[in-house]
Each structure stands twice: as C-alpha cells, then as structure tokens.
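Have a look at target_12.txt below; it lists compact mmCIF, C-alpha atoms.
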```txt
# COMPACT_ATOMS: atom_id res chain seq x y z
CA MET A 1 208.68 138.01 85.66
CA VAL A 2 207.20 138.91 88.95
CA THR A 3 203.51 139.57 88.96
CA PRO A 4 201.33 140.47 91.90
CA ASN A 5 199.32 137.27 92.34
CA SER A 6 196.01 138.32 93.88
CA GLU A 7 194.23 135.07 93.05
CA LEU A 8 193.69 132.56 95.80
CA ALA A 9 194.18 129.74 93.37
CA TYR A 10 195.98 126.47 93.74
CA ASN A 11 199.29 126.39 91.98
CA THR A 12 200.63 122.84 91.55
CA LYS A 13 204.10 124.03 90.61
CA ILE A 14 204.55 125.82 93.88
CA GLU A 15 202.42 123.88 96.30
CA GLY A 16 202.70 120.33 95.02
CA ASP A 17 199.99 117.83 96.06
CA ILE A 18 198.70 119.93 98.90
CA VAL A 19 195.37 121.65 99.11
CA VAL A 20 194.83 124.16 101.84
CA THR A 21 191.31 124.72 103.02
CA ARG A 22 189.17 124.69 106.12
CA VAL A 23 187.91 121.39 107.47
CA ASP A 24 184.41 122.82 107.82
CA ALA A 25 184.35 123.70 104.13
CA VAL A 26 185.48 120.22 103.12
CA ILE A 27 182.96 118.42 105.29
CA ASN A 28 180.15 120.70 104.16
CA TRP A 29 181.17 120.20 100.54
CA LEU A 30 181.21 116.41 101.00
CA ARG A 31 177.81 116.43 102.63
CA SER A 32 176.17 118.68 100.07
CA SER A 33 177.64 116.76 97.15
CA SER A 34 176.25 113.39 98.18
CA VAL A 35 172.83 113.84 99.70
CA TRP A 36 171.16 110.46 100.21
CA PRO A 37 167.43 111.09 100.14
CA MET A 38 164.86 109.12 102.09
CA PRO A 39 161.77 109.22 99.84
CA MET A 40 158.77 109.70 102.14
CA GLY A 41 156.31 109.37 99.27
CA LEU A 42 152.81 109.66 100.68
CA ALA A 43 150.72 111.01 97.80
CA CYS A 44 150.89 112.37 94.26
CA CYS A 45 154.01 114.46 95.00
CA ALA A 46 155.84 111.13 95.07
CA ILE A 47 155.17 110.80 91.34
CA GLU A 48 157.01 114.08 90.75
CA LEU A 49 159.71 112.87 93.11
CA MET A 50 160.13 109.77 90.94
CA ALA A 51 160.21 111.95 87.83
CA THR A 52 162.95 114.02 89.44
CA ALA A 53 165.00 110.88 89.94
CA SER A 54 164.41 109.70 86.38
CA SER A 55 166.63 110.40 83.41
CA ARG A 56 164.78 113.44 82.08
CA PHE A 57 165.40 115.55 85.17
CA ASP A 58 168.16 113.41 86.68
CA ILE A 59 168.72 114.33 90.28
CA ALA A 60 172.08 112.55 89.91
CA ARG A 61 173.41 115.78 88.39
CA PHE A 62 173.23 117.15 91.93
CA GLY A 63 174.67 114.09 93.64
CA ALA A 64 171.41 113.05 95.26
CA GLU A 65 170.48 110.00 93.24
CA VAL A 66 171.03 107.40 95.94
CA PHE A 67 167.46 107.04 97.21
CA ARG A 68 167.44 104.83 100.28
CA PHE A 69 164.35 103.20 101.70
CA SER A 70 166.11 102.57 104.97
CA PRO A 71 166.26 105.63 107.22
CA ARG A 72 169.59 104.45 108.60
CA GLN A 73 171.22 104.95 105.21
CA ALA A 74 169.67 108.31 104.38
CA ASP A 75 170.31 111.86 105.49
CA CYS A 76 167.60 113.90 103.76
CA MET A 77 163.95 113.04 104.18
CA ILE A 78 161.82 114.31 101.31
CA VAL A 79 158.24 114.40 102.59
CA ALA A 80 156.30 114.13 99.34
CA GLY A 81 152.60 114.12 100.03
CA THR A 82 149.76 114.41 102.50
CA VAL A 83 150.65 113.47 106.07
CA THR A 84 147.65 112.13 107.96
CA TYR A 85 147.57 112.01 111.73
CA LYS A 86 147.60 108.24 111.42
CA MET A 87 150.88 108.43 109.46
CA ALA A 88 152.48 111.26 111.43
CA PRO A 89 153.94 109.16 114.28
CA HIS A 90 155.47 106.72 111.79
CA LEU A 91 157.02 109.62 109.90
CA ARG A 92 158.50 110.94 113.11
CA ARG A 93 159.89 107.51 114.01
CA ILE A 94 161.52 107.17 110.60
CA TYR A 95 163.01 110.63 111.03
CA ASP A 96 164.32 109.64 114.46
CA GLN A 97 165.99 106.57 112.94
CA MET A 98 167.96 108.65 110.44
CA ALA A 99 171.55 109.28 111.50
CA GLU A 100 172.77 112.81 112.18
CA PRO A 101 173.29 115.09 110.38
CA LYS A 102 169.90 115.00 108.70
CA TRP A 103 167.68 117.37 106.78
CA VAL A 104 164.03 117.51 105.76
CA ILE A 105 162.44 118.85 102.59
CA ALA A 106 158.68 119.46 102.79
CA MET A 107 157.61 118.90 99.20
CA GLY A 108 154.34 120.47 98.10
CA ALA A 109 151.38 122.17 99.70
CA CYS A 110 150.22 119.18 101.78
CA ALA A 111 153.55 118.50 103.46
CA SER A 112 154.15 122.21 104.00
CA SER A 113 150.75 123.22 105.38
CA GLY A 114 148.19 120.45 105.00
CA GLY A 115 147.26 121.95 101.64
CA MET A 116 143.70 121.53 100.59
CA TYR A 117 143.14 118.81 103.18
CA ARG A 118 141.88 121.05 105.94
CA SER A 119 140.12 118.41 107.96
CA TYR A 120 140.11 116.27 111.05
CA SER A 121 142.42 113.65 109.56
CA THR A 122 145.34 115.63 108.13
CA LEU A 123 148.40 117.05 109.86
CA GLN A 124 148.50 120.75 109.00
CA GLY A 125 152.14 120.90 107.99
CA VAL A 126 154.86 118.34 108.62
CA ASP A 127 156.86 121.00 110.50
CA ARG A 128 154.59 120.29 113.45
CA ILE A 129 156.43 116.99 114.06
CA VAL A 130 159.83 117.28 112.35
CA PRO A 131 162.10 120.30 111.71
CA VAL A 132 161.89 121.33 108.06
CA ASP A 133 164.84 122.89 106.17
CA VAL A 134 163.25 123.69 102.81
CA TYR A 135 159.60 124.05 101.81
CA ILE A 136 158.46 123.67 98.20
CA SER A 137 155.26 125.29 97.01
CA GLY A 138 153.09 123.68 94.37
CA CYS A 139 150.43 121.02 94.10
CA PRO A 140 152.33 119.02 93.10
CA PRO A 141 155.61 120.89 92.50
CA ARG A 142 157.37 120.23 89.22
CA PRO A 143 160.68 118.33 89.30
CA GLU A 144 162.52 121.60 88.64
CA ALA A 145 161.09 122.94 91.89
CA LEU A 146 162.39 119.92 93.79
CA LEU A 147 165.82 120.37 92.18
CA ASP A 148 165.72 124.03 93.18
CA ALA A 149 164.92 122.98 96.75
CA LEU A 150 167.82 120.54 96.67
CA ILE A 151 170.17 123.31 95.47
CA LYS A 152 168.88 125.55 98.26
CA LEU A 153 169.46 122.76 100.76
CA GLN A 154 172.98 122.21 99.45
CA ASP A 155 173.57 125.94 99.81
CA LYS A 156 172.36 125.71 103.39
CA MET A 157 174.69 122.76 104.02
CA THR A 158 177.74 124.58 102.65
CA ARG A 159 176.94 127.67 104.70
CA ASN A 160 176.82 125.63 107.90
CA GLY A 161 179.35 127.11 110.33
CA GLY A 162 181.30 125.15 112.95
CA THR A 163 180.77 121.75 111.36
CA ALA A 164 183.96 120.25 112.76
CA LYS A 165 183.21 121.60 116.20
CA GLN A 166 179.74 120.10 116.06
CA LEU A 167 181.20 116.75 115.04
CA LEU A 168 183.71 116.76 117.86
CA SER A 169 181.17 117.74 120.48
CA ALA A 170 178.60 115.22 119.25
CA MET B 1 113.42 96.32 77.97
CA SER B 2 113.69 92.65 78.72
CA SER B 3 116.54 92.73 81.19
CA LEU B 4 116.09 92.54 84.90
CA ALA B 5 117.70 95.92 85.36
CA ALA B 6 115.19 97.62 83.15
CA ALA B 7 112.31 96.04 85.00
CA PRO B 8 110.21 98.68 86.73
CA ALA B 9 110.66 99.01 90.44
CA THR B 10 107.18 97.69 91.05
CA ASP B 11 108.10 94.29 89.66
CA LEU B 12 111.02 93.93 92.01
CA LEU B 13 108.77 95.27 94.74
CA ALA B 14 106.28 92.49 94.07
CA VAL B 15 109.10 89.96 94.15
CA LEU B 16 110.32 91.39 97.41
CA GLN B 17 106.91 91.72 99.03
CA ALA B 18 106.01 88.13 98.21
CA ARG B 19 108.77 87.07 100.61
CA PHE B 20 108.94 90.14 102.87
CA PRO B 21 105.53 91.77 103.31
CA ALA B 22 107.05 94.66 105.25
CA ALA B 23 109.07 95.86 102.23
CA VAL B 24 107.96 99.15 100.69
CA ALA B 25 109.17 101.12 97.70
CA ARG B 26 111.47 104.00 98.54
CA PRO B 27 111.39 107.31 96.65
CA SER B 28 114.38 107.23 94.32
CA GLY B 29 115.69 109.46 91.58
CA ASP B 30 117.64 106.72 89.86
CA HIS B 31 117.57 103.03 90.71
CA PRO B 32 114.87 100.81 92.21
CA ALA B 33 115.01 101.31 95.96
CA PHE B 34 113.26 99.61 98.85
CA ASN B 35 112.87 100.08 102.57
CA LEU B 36 113.04 96.99 104.71
CA PRO B 37 113.07 96.11 108.39
CA MET B 38 116.70 95.66 109.47
CA ALA B 39 116.30 91.99 110.44
CA GLU B 40 115.13 90.99 106.95
CA VAL B 41 117.98 92.62 105.03
CA PRO B 42 120.38 89.63 104.80
CA ALA B 43 117.62 87.35 103.55
CA ALA B 44 116.48 89.98 101.05
CA LEU B 45 120.04 90.50 99.79
CA ARG B 46 120.38 86.74 99.44
CA LEU B 47 117.11 86.68 97.46
CA PHE B 48 118.38 89.36 95.08
CA ARG B 49 121.75 87.64 94.74
CA ASP B 50 120.63 84.05 94.27
CA GLU B 51 117.34 84.45 92.40
CA HIS B 52 117.54 87.74 90.52
CA GLY B 53 121.14 88.03 89.37
CA TYR B 54 122.26 90.90 91.59
CA ASP B 55 125.59 89.24 92.14
CA LEU B 56 127.82 92.18 92.99
CA LEU B 57 127.76 94.13 96.24
CA ILE B 58 128.70 97.66 95.25
CA ASP B 59 128.41 99.49 98.52
CA VAL B 60 127.53 99.23 102.17
CA THR B 61 127.14 102.65 103.71
CA ALA B 62 124.95 104.57 106.10
CA VAL B 63 123.13 107.86 106.48
CA ASP B 64 123.04 110.03 109.58
CA TRP B 65 119.78 111.97 109.14
CA ASP B 66 120.26 114.39 112.03
CA VAL B 67 121.39 114.43 115.63
CA GLU B 68 117.78 114.79 116.80
CA ALA B 69 116.18 112.61 114.12
CA THR B 70 114.54 109.30 114.97
CA PRO B 71 115.46 106.93 113.47
CA ARG B 72 118.80 108.67 113.24
CA PHE B 73 120.75 106.11 111.18
CA SER B 74 119.87 104.21 108.04
CA VAL B 75 122.12 101.60 106.49
CA VAL B 76 122.20 101.43 102.69
CA TRP B 77 123.17 98.51 100.45
CA HIS B 78 123.70 98.84 96.71
CA LEU B 79 123.69 95.77 94.49
CA LEU B 80 124.63 95.49 90.83
CA SER B 81 123.63 92.81 88.39
CA SER B 82 126.75 92.14 86.33
CA THR B 83 124.66 90.42 83.65
CA ALA B 84 121.73 92.85 83.39
CA HIS B 85 123.75 95.94 84.36
CA GLY B 86 121.23 97.38 86.78
CA TYR B 87 121.41 98.54 90.35
CA VAL B 88 119.09 98.05 93.28
CA ARG B 89 119.19 99.83 96.60
CA LEU B 90 118.06 98.49 99.97
CA VAL B 91 117.68 100.75 102.98
CA ALA B 92 116.97 99.83 106.58
CA ASP B 93 116.67 102.03 109.64
CA CYS B 94 118.71 101.27 112.75
CA ALA B 95 116.58 100.64 115.79
CA SER B 96 118.86 102.46 118.21
CA ASP B 97 119.86 106.09 117.73
CA THR B 98 122.76 105.83 120.17
CA GLU B 99 124.11 102.30 119.53
CA PRO B 100 123.11 101.61 115.91
CA THR B 101 123.58 98.05 114.73
CA ALA B 102 123.05 96.20 111.47
CA PRO B 103 123.53 92.57 110.40
CA SER B 104 126.78 91.79 108.62
CA VAL B 105 126.62 90.36 105.12
CA VAL B 106 130.23 89.14 105.01
CA SER B 107 128.83 85.60 104.75
CA LEU B 108 127.11 86.61 101.47
CA TRP B 109 129.91 88.72 99.97
CA ALA B 110 133.42 88.60 101.39
CA GLY B 111 133.88 92.11 99.98
CA ALA B 112 131.41 93.44 102.53
CA ASN B 113 134.15 93.09 105.13
CA TRP B 114 135.94 96.36 104.43
CA HIS B 115 132.76 98.24 103.50
CA GLU B 116 131.33 97.41 106.90
CA ARG B 117 134.56 98.30 108.66
CA GLU B 118 134.55 101.69 106.96
CA THR B 119 130.91 102.29 107.84
CA PHE B 120 131.69 101.32 111.42
CA ASP B 121 134.76 103.57 111.48
CA LEU B 122 133.16 106.70 110.07
CA MET B 123 129.51 106.33 111.09
CA GLY B 124 129.66 104.11 114.15
CA ILE B 125 127.31 101.40 112.87
CA ARG B 126 128.15 98.10 114.58
CA PHE B 127 127.74 95.13 112.25
CA THR B 128 126.75 92.09 114.25
CA ASP B 129 128.60 88.85 113.42
CA HIS B 130 131.29 90.74 111.51
CA PRO B 131 134.49 88.62 111.68
CA ASP B 132 136.86 91.55 112.32
CA LEU B 133 135.08 94.80 113.14
CA ARG B 134 138.05 97.17 113.56
CA ARG B 135 138.52 100.70 112.34
CA ILE B 136 139.95 100.84 108.83
CA LEU B 137 140.76 104.52 108.10
CA MET B 138 141.16 106.16 111.49
CA TRP B 139 143.47 104.52 113.97
CA ASP B 140 142.48 102.04 116.68
CA GLY B 141 141.47 103.95 119.77
CA TYR B 142 140.22 107.05 117.92
CA PRO B 143 137.24 108.11 120.03
CA PHE B 144 134.90 109.54 117.37
CA HIS B 145 133.03 108.59 114.22
CA PRO B 146 133.91 111.48 111.90
CA LEU B 147 131.05 111.34 109.39
CA ARG B 148 128.36 111.69 112.03
CA LYS B 149 126.40 114.92 111.93
CA ASP B 150 127.56 115.99 115.39
CA PHE B 151 131.25 115.71 114.41
CA PRO B 152 132.69 119.00 113.06
CA LEU B 153 134.64 118.79 109.80
CA ALA B 154 137.48 120.65 111.51
CA GLY B 155 137.86 117.79 113.97
CA ILE B 156 138.12 117.52 117.73
CA GLU B 157 141.34 117.72 119.72
CA THR B 158 142.62 114.17 120.38
CA PRO B 159 145.99 112.69 121.36
CA LEU B 160 148.17 111.36 118.54
CA PRO B 161 147.82 107.60 117.94
CA ASP B 162 151.38 107.02 119.18
CA LEU B 163 151.68 108.33 122.75
CA GLU B 164 155.49 108.09 122.72
CA VAL B 165 155.74 110.39 119.71
CA ALA B 166 153.02 112.60 121.17
CA GLU B 167 155.09 113.05 124.32
CA LEU B 168 158.26 113.68 122.32
CA THR B 169 156.78 116.23 119.94
CA LYS B 170 154.06 117.71 122.20
CA VAL B 171 151.73 117.44 119.21
CA SER B 172 148.08 116.45 119.33
CA VAL B 173 145.37 116.16 116.70
CA LEU B 174 144.08 119.73 116.48
CA PRO B 175 140.91 121.00 114.82
CA ALA B 176 141.54 122.57 111.41
CA PRO B 177 138.61 124.93 110.93
CA MET B 178 137.83 125.97 107.39
CA MET B 179 136.09 129.26 107.95
CA GLY B 180 135.35 130.85 104.60
CA GLY B 181 137.43 128.30 102.79
CA PRO B 182 141.18 128.41 102.24
CA PHE B 183 141.19 128.95 98.50
CA VAL B 184 138.78 131.80 97.85
CA ALA B 185 140.14 134.08 95.13
CA SER B 186 138.88 137.62 94.71
CA THR B 187 137.23 138.03 91.34
CA GLY B 188 137.57 141.06 89.11
CA GLU B 189 140.73 142.09 90.93
CA MET B 190 143.54 143.24 88.62
CA ASN B 191 146.18 143.41 91.33
CA LEU B 192 147.43 139.83 91.59
CA THR B 193 148.69 140.28 95.14
CA ASP B 194 145.25 141.34 96.36
CA ALA B 195 143.59 138.67 94.25
CA GLU B 196 145.56 135.84 95.88
CA PRO B 197 143.25 133.11 97.16
CA ARG B 198 142.64 133.51 100.86
CA ALA B 199 140.04 132.80 103.50
CA LYS B 200 137.44 135.54 103.60
CA ASP B 201 136.13 134.67 107.04
CA GLU B 202 138.86 134.09 109.60
CA SER B 203 136.74 134.17 112.74
CA TRP B 204 137.95 130.65 113.58
CA ASN B 205 141.43 129.52 112.59
CA GLU B 206 144.78 128.75 114.20
CA ARG B 207 145.17 132.36 115.39
CA ASN B 208 141.62 133.06 116.49
CA ALA B 209 139.90 130.79 119.00
CA LYS B 210 136.56 129.28 118.17
CA PRO B 211 133.83 131.90 118.72
CA ALA B 212 131.05 131.08 121.15
CA VAL B 213 128.39 131.47 118.47
CA LEU B 214 129.19 130.33 114.96
```
Could I get this file's structure written as structure tokens?
Amino acid sequence: MVTPNSELAYNTKIEGDIVVTRVDAVINWLRSSSVWPMPMGLACCAIELMATASSRFDIARFGAEVFRFSPRQADCMIVAGTVTYKMAPHLRRIYDQMAEPKWVIAMGACASSGGMYRSYSTLQGVDRIVPVDVYISGCPPRPEALLDALIKLQDKMTRNGGTAKQLLSA
Amino acid sequence: MSSLAAAPATDLLAVLQARFPAAVARPSGDHPAFNLPMAEVPAALRLFRDEHGYDLLIDVTAVDWDVEATPRFSVVWHLLSSTAHGYVRLVADCASDTEPTAPSVVSLWAGANWHERETFDLMGIRFTDHPDLRRILMWDGYPFHPLRKDFPLAGIETPLPDLEVAELTKVSVLPAPMMGGPFVASTGEMNLTDAEPRAKDESWNERNAKPAVL
C-alpha cells in the first residue's frame, strides 16, 4: 500500500541506524539538555536556588542538576542575590573564568535591578557588569520561577543560529 | 529590685563619680547612661566590667550629630551584665570634628575589634591602639565614611574596587538616588496597572541628572 508520507519522522526500516539532522540543532540540543549551573548564591535567593535543586522541585528533570562551584566546569551562572560593589569585581572575574559558551540568569529583584537596596553599596543590576540572558522577577522568586527561567534559557539555546559556524570560527 | 541592673542610674552614677568626677548622667529613655571625657572611657569600662558585673560588650558605635555641630562625633559603648541582665551606656565626645579619635578597648574585650573596625569604616572614628584598624564592610581604599551626615544615601561616584575589572567593564560605583522611594503604591486605585508601586518623585534618578536644588 502506498501512502503519501508527509511526516518528517525517522523510519528505522527504511533508514537503518542513521539520523539526519542539522549539526546546529544537535549541538544546541546537547547544550540545552545539560546545563551545568554555577551557583552565585549571594543572599536569600540562594535558599530558593537550593530548594530548586532539591527533590521537591528537582532541577534534574531539566538536566541542570550538576551544580559546579568551579567556574571552569560550569556554563550557566545563576546570580542569586544582592550584588554589592565590593562583590561585583569578583563576580565578573568568576564569569570571565567560565568557558564559552556561557549564560547568565539574574535571579530575583536584587540581581536584576538592585531591588530594594537602592544605596551607595549595591550594584543596581548585575547586567551592568555581565551580560544577562534571563531575568527572574520576585523577592525571592519561587523555585517554579527559576525552572521557568531555565526552560526559557534552554529555549534560547535551541534557537541559537549558526552554532557550528561560531564553534569553527572561535 | 536587688539586682545591679535594676539599680537606679544615680547609684551607678555615684559609683562612677567616685572614680571619675567628670562623669555626668546622660538623659536616657531606657538604660542608665553617662557622659564621660574620652580619655577616661577605658578605665570606666574596666570598672564596670571588673567591679560591677557588666561583663559583655554589646556595642561600640558612634553618632554624627551634624556637619556643623561641635562636638560633631560621639562614641557610644553599650555594656550588658549577663548575670543581672541590665544594660549601661557610656558616651564620650570626640575632641576633633575632622579627625575624630577614641581609645580602643580591644584589650578589655576582644570582640571590640570588629565593632571598632565597623565604626571606623562607616563613621570614620579612628581607634587608637587598635591592632588592625582596617575597613570591614566597604573595601580597602574606599574614600568615604558612608554613615556620616554629609554622605548622601545615594552614594558618590567612585571607581570599582578592582581597577582591572573597572577598565574591562567601564563600570564605576554610581549614586543610586531614591527620590520618592522605589516602592510607593497608589492607594485606593482599582486599576492594578496604575496602582503598581513606583517612585512618585523622579526628579533625580538614572535618567534625570541631580537637580541643583533638592
């Protein structure tokens, strides 16, 4: 029986052990499926960050459970808390030590904008010193909000165009 | 009312004045409080600690009365008796309004170390004979003492502590003015969009430069 096959599905009987795809899509999928976060826990948001990693919310469901306290082993810095001017240069140095490609999540009001700490001592938004990919509102945000930010970041990773070209030119 | 803590301030005053005639009672809404000449403070604290059971140093802090006031700075010590559960407060004026100094009491209580560093950091009181008088909250090299009356809450533009990162990011410590407050919600407003908390007075913020007259 001949049927018009309009599905772009993988048929093992016809194609054997071969998957056809684009290299960009594969690399993006690999990256987004195993985000290794660098927990930059600076204030109470870090408590929610820990809750997100714990069994109840389980960030492992999204492939991001490998928290690394060494910037060289991480690719997503989660800035969870108030960044003071005294801390800001250290944060930037840790970001610089992370290997490319790398992403930043600004978790909560303080990391996003300085929050309620509008004073001489507090950096008014971590995006002044590092590029931020996703901002999370809340003071502190609930774990669901952090998971939502992670999903948004993964979406951003998979939408990245020209990944292979970027790798080759790097 | 037999404990030391419950003793009226006049009794402690008599005790104090017997050794330090210059001591006077200080108006206080809560605990017994005394004014003393700065030079006599360590000996008076030792008297309270060794002979009257005030064994715990709760606080070393300072007051900036006003930029024009003389004396401008007073240093405040709070002691607690851990057996009688009462506080006592000693206050001494700094002789200099520009270079205020006070004697360190680290030799009496090791815990005074960080209190005095914080008071030095934020108020600029130099504690003589302190073993390690460095800033404790702000970074080394920060040029101001932020809790002084002439320091604006918003801050003053300063380079970042790390010059390498400052050069890389072109970021400096910028004033963060809080004109009208950032979280002022409109009351009685049914429309939630209009009722969102926002600053009511934005005459000085990141978009508008500081006005000449505030």
- Message: I'd like the interatomic distance between atom CA of B:Lys149 and atom CA of B:Asp66, to a tenth of an Å.
- Response: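 So the answer is 6.2 Å.
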Hey, could you make a per-residue contact list for chain A against chain B with 7 Å as the cut-off, showing the nearest pair of atoms and its distance in Å to one decimal, counting only C-alpha atoms, sorted by chain and number, as JSON lines?
```
{"residue": "A:Tyr85", "atom": "CA", "partner": "B:Val173", "partner_atom": "CA", "distance": 6.8}
{"residue": "A:Lys86", "atom": "CA", "partner": "B:Trp139", "partner_atom": "CA", "distance": 6.1}
{"residue": "A:Pro89", "atom": "CA", "partner": "B:Val165", "partner_atom": "CA", "distance": 5.9}
{"residue": "A:Arg118", "atom": "CA", "partner": "B:Ala176", "partner_atom": "CA", "distance": 5.7}
{"residue": "A:Ser119", "atom": "CA", "partner": "B:Ala154", "partner_atom": "CA", "distance": 5.0}
{"residue": "A:Tyr120", "atom": "CA", "partner": "B:Gly155", "partner_atom": "CA", "distance": 4.0}
{"residue": "A:Ile129", "atom": "CA", "partner": "B:Thr169", "partner_atom": "CA", "distance": 5.9}
```
- Query: Which value, in Å to one decimal, gives the distance between atom CA of A:Lys156 and atom CA of A:Asn28?
  - Reply: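 Between these atoms lies a distance of 9.3 Å.
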- Query: Can you tell me, as a PyMOL selection string, which residues sit within 7 Å of (124.1, 94.9, 93.7) in the file's frame, using only C-alpha atoms?
  - Reply: chain B and resi 54-58+78-81+87-88
- Item | Long-range neighbours of B:Val91 as number ranges by chain, 12 Å cut-off, all atoms listed in the file, 4 positions minimum in chain | B: 23-28, 32-42, 44-45, 59-63, 73-79, 102
Around stretch 51-58 of chain B, fit a box with edges along x, y and z, padding it by 8 Å on each side, then list its centre and edge lengths in Å to one decimal as JSON.
```
{"center_x": 123.0, "center_y": 91.1, "center_z": 92.8, "size_x": 27.4, "size_y": 29.2, "size_z": 22.9}
```
- Message: Within 12 Å of (179.3, 120.6, 111.2) in the file's own coordinates, which protein, DNA or RNA residues have an atom, counting only C-alpha atoms? List them as an MDAnalysis selection string.
- Response: chainID A and resid 22:32 100:102 156:170
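With all atoms listed in the file taken into account, the protein and nucleic acid residues at most 8 Å from stretch 34-37 of chain A (excluding it and anything under 6 positions from it in its own chain) are Phe62, Gly63, Ala64, Glu65, Val66, Phe67, Arg68, Gln73, Ala74, Asp75, Cys76, Met77 and Ile78 of chain A.
Our summary of the geometry notes that atom CA of A:Asp58 is positioned 14.3 Å from atom CA of A:Ala149.
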- Message: Excluding A:Cys139 and its own-chain neighbours fewer than 3 positions away, which residues fall within 9 Å of it when counting all atoms listed in the file? Please give them as a PyMOL selection string.
- Response: chain A and resi 44-45+108-110+115+142
- Item | Spatial neighbours of A:Val104, max dist 10 Å, all atoms listed in the file, sep filter under 6 positions, as number ranges by chain | A: 37-38, 75-79, 95, 126-127, 130-135, 153
Pop stretch 100-156 of chain B out of the structure in the block and write C-alpha atoms as a PDB file, in the first residue's frame.
```pdb
ATOM      1  CA  PRO B 100      37.797  62.047  65.461  1.00  0.00           C
ATOM      2  CA  THR B 101      39.630  59.527  67.609  1.00  0.00           C
ATOM      3  CA  ALA B 102      38.701  57.264  70.500  1.00  0.00           C
ATOM      4  CA  PRO B 103      40.654  54.782  72.626  1.00  0.00           C
ATOM      5  CA  SER B 104      40.365  51.149  71.602  1.00  0.00           C
ATOM      6  CA  VAL B 105      39.003  48.669  74.126  1.00  0.00           C
ATOM      7  CA  VAL B 106      40.199  45.543  72.311  1.00  0.00           C
ATOM      8  CA  SER B 107      42.441  44.878  75.321  1.00  0.00           C
ATOM      9  CA  LEU B 108      39.297  44.665  77.508  1.00  0.00           C
ATOM     10  CA  TRP B 109      37.039  42.740  75.109  1.00  0.00           C
ATOM     11  CA  ALA B 110      38.466  41.007  72.054  1.00  0.00           C
ATOM     12  CA  GLY B 111      35.022  41.380  70.492  1.00  0.00           C
ATOM     13  CA  ALA B 112      35.525  45.134  70.311  1.00  0.00           C
ATOM     14  CA  ASN B 113      37.833  44.523  67.369  1.00  0.00           C
ATOM     15  CA  TRP B 114      35.180  44.251  64.674  1.00  0.00           C
ATOM     16  CA  HIS B 115      32.842  46.775  66.318  1.00  0.00           C
ATOM     17  CA  GLU B 116      35.603  49.355  66.176  1.00  0.00           C
ATOM     18  CA  ARG B 117      36.503  48.446  62.617  1.00  0.00           C
ATOM     19  CA  GLU B 118      32.887  48.941  61.587  1.00  0.00           C
ATOM     20  CA  THR B 119      32.658  52.263  63.397  1.00  0.00           C
ATOM     21  CA  PHE B 120      35.873  53.320  61.704  1.00  0.00           C
ATOM     22  CA  ASP B 121      34.615  52.151  58.311  1.00  0.00           C
ATOM     23  CA  LEU B 122      31.216  53.810  58.397  1.00  0.00           C
ATOM     24  CA  MET B 123      31.784  56.814  60.675  1.00  0.00           C
ATOM     25  CA  GLY B 124      35.496  57.487  60.348  1.00  0.00           C
ATOM     26  CA  ILE B 125      36.340  57.269  64.052  1.00  0.00           C
ATOM     27  CA  ARG B 126      39.980  56.238  64.445  1.00  0.00           C
ATOM     28  CA  PHE B 127      40.513  53.950  67.431  1.00  0.00           C
ATOM     29  CA  THR B 128      43.973  54.480  68.835  1.00  0.00           C
ATOM     30  CA  ASP B 129      45.949  51.325  69.683  1.00  0.00           C
ATOM     31  CA  HIS B 130      43.566  49.148  67.665  1.00  0.00           C
ATOM     32  CA  PRO B 131      45.562  46.084  66.493  1.00  0.00           C
ATOM     33  CA  ASP B 132      44.131  46.016  62.956  1.00  0.00           C
ATOM     34  CA  LEU B 133      42.136  49.125  62.056  1.00  0.00           C
ATOM     35  CA  ARG B 134      41.028  48.274  58.505  1.00  0.00           C
ATOM     36  CA  ARG B 135      37.682  48.752  56.834  1.00  0.00           C
ATOM     37  CA  ILE B 136      35.354  45.820  57.392  1.00  0.00           C
ATOM     38  CA  LEU B 137      32.270  46.398  55.176  1.00  0.00           C
ATOM     39  CA  MET B 138      33.429  48.736  52.427  1.00  0.00           C
ATOM     40  CA  TRP B 139      36.552  47.805  50.540  1.00  0.00           C
ATOM     41  CA  ASP B 140      40.086  48.987  51.309  1.00  0.00           C
ATOM     42  CA  GLY B 141      40.693  52.258  49.545  1.00  0.00           C
ATOM     43  CA  TYR B 142      37.057  53.410  49.608  1.00  0.00           C
ATOM     44  CA  PRO B 143      37.401  57.166  50.131  1.00  0.00           C
ATOM     45  CA  PHE B 144      34.303  57.923  52.237  1.00  0.00           C
ATOM     46  CA  HIS B 145      32.646  57.055  55.531  1.00  0.00           C
ATOM     47  CA  PRO B 146      29.072  56.348  54.433  1.00  0.00           C
ATOM     48  CA  LEU B 147      27.162  56.895  57.686  1.00  0.00           C
ATOM     49  CA  ARG B 148      28.417  60.435  58.148  1.00  0.00           C
ATOM     50  CA  LYS B 149      25.791  63.144  57.814  1.00  0.00           C
ATOM     51  CA  ASP B 150      27.491  64.729  54.806  1.00  0.00           C
ATOM     52  CA  PHE B 151      27.426  61.451  52.830  1.00  0.00           C
ATOM     53  CA  PRO B 152      24.280  61.070  50.682  1.00  0.00           C
ATOM     54  CA  LEU B 153      22.416  57.757  50.950  1.00  0.00           C
ATOM     55  CA  ALA B 154      22.533  57.515  47.161  1.00  0.00           C
ATOM     56  CA  GLY B 155      26.323  57.417  47.287  1.00  0.00           C
ATOM     57  CA  ILE B 156      29.106  59.255  45.500  1.00  0.00           C
TER      58      ILE B 156
END
```
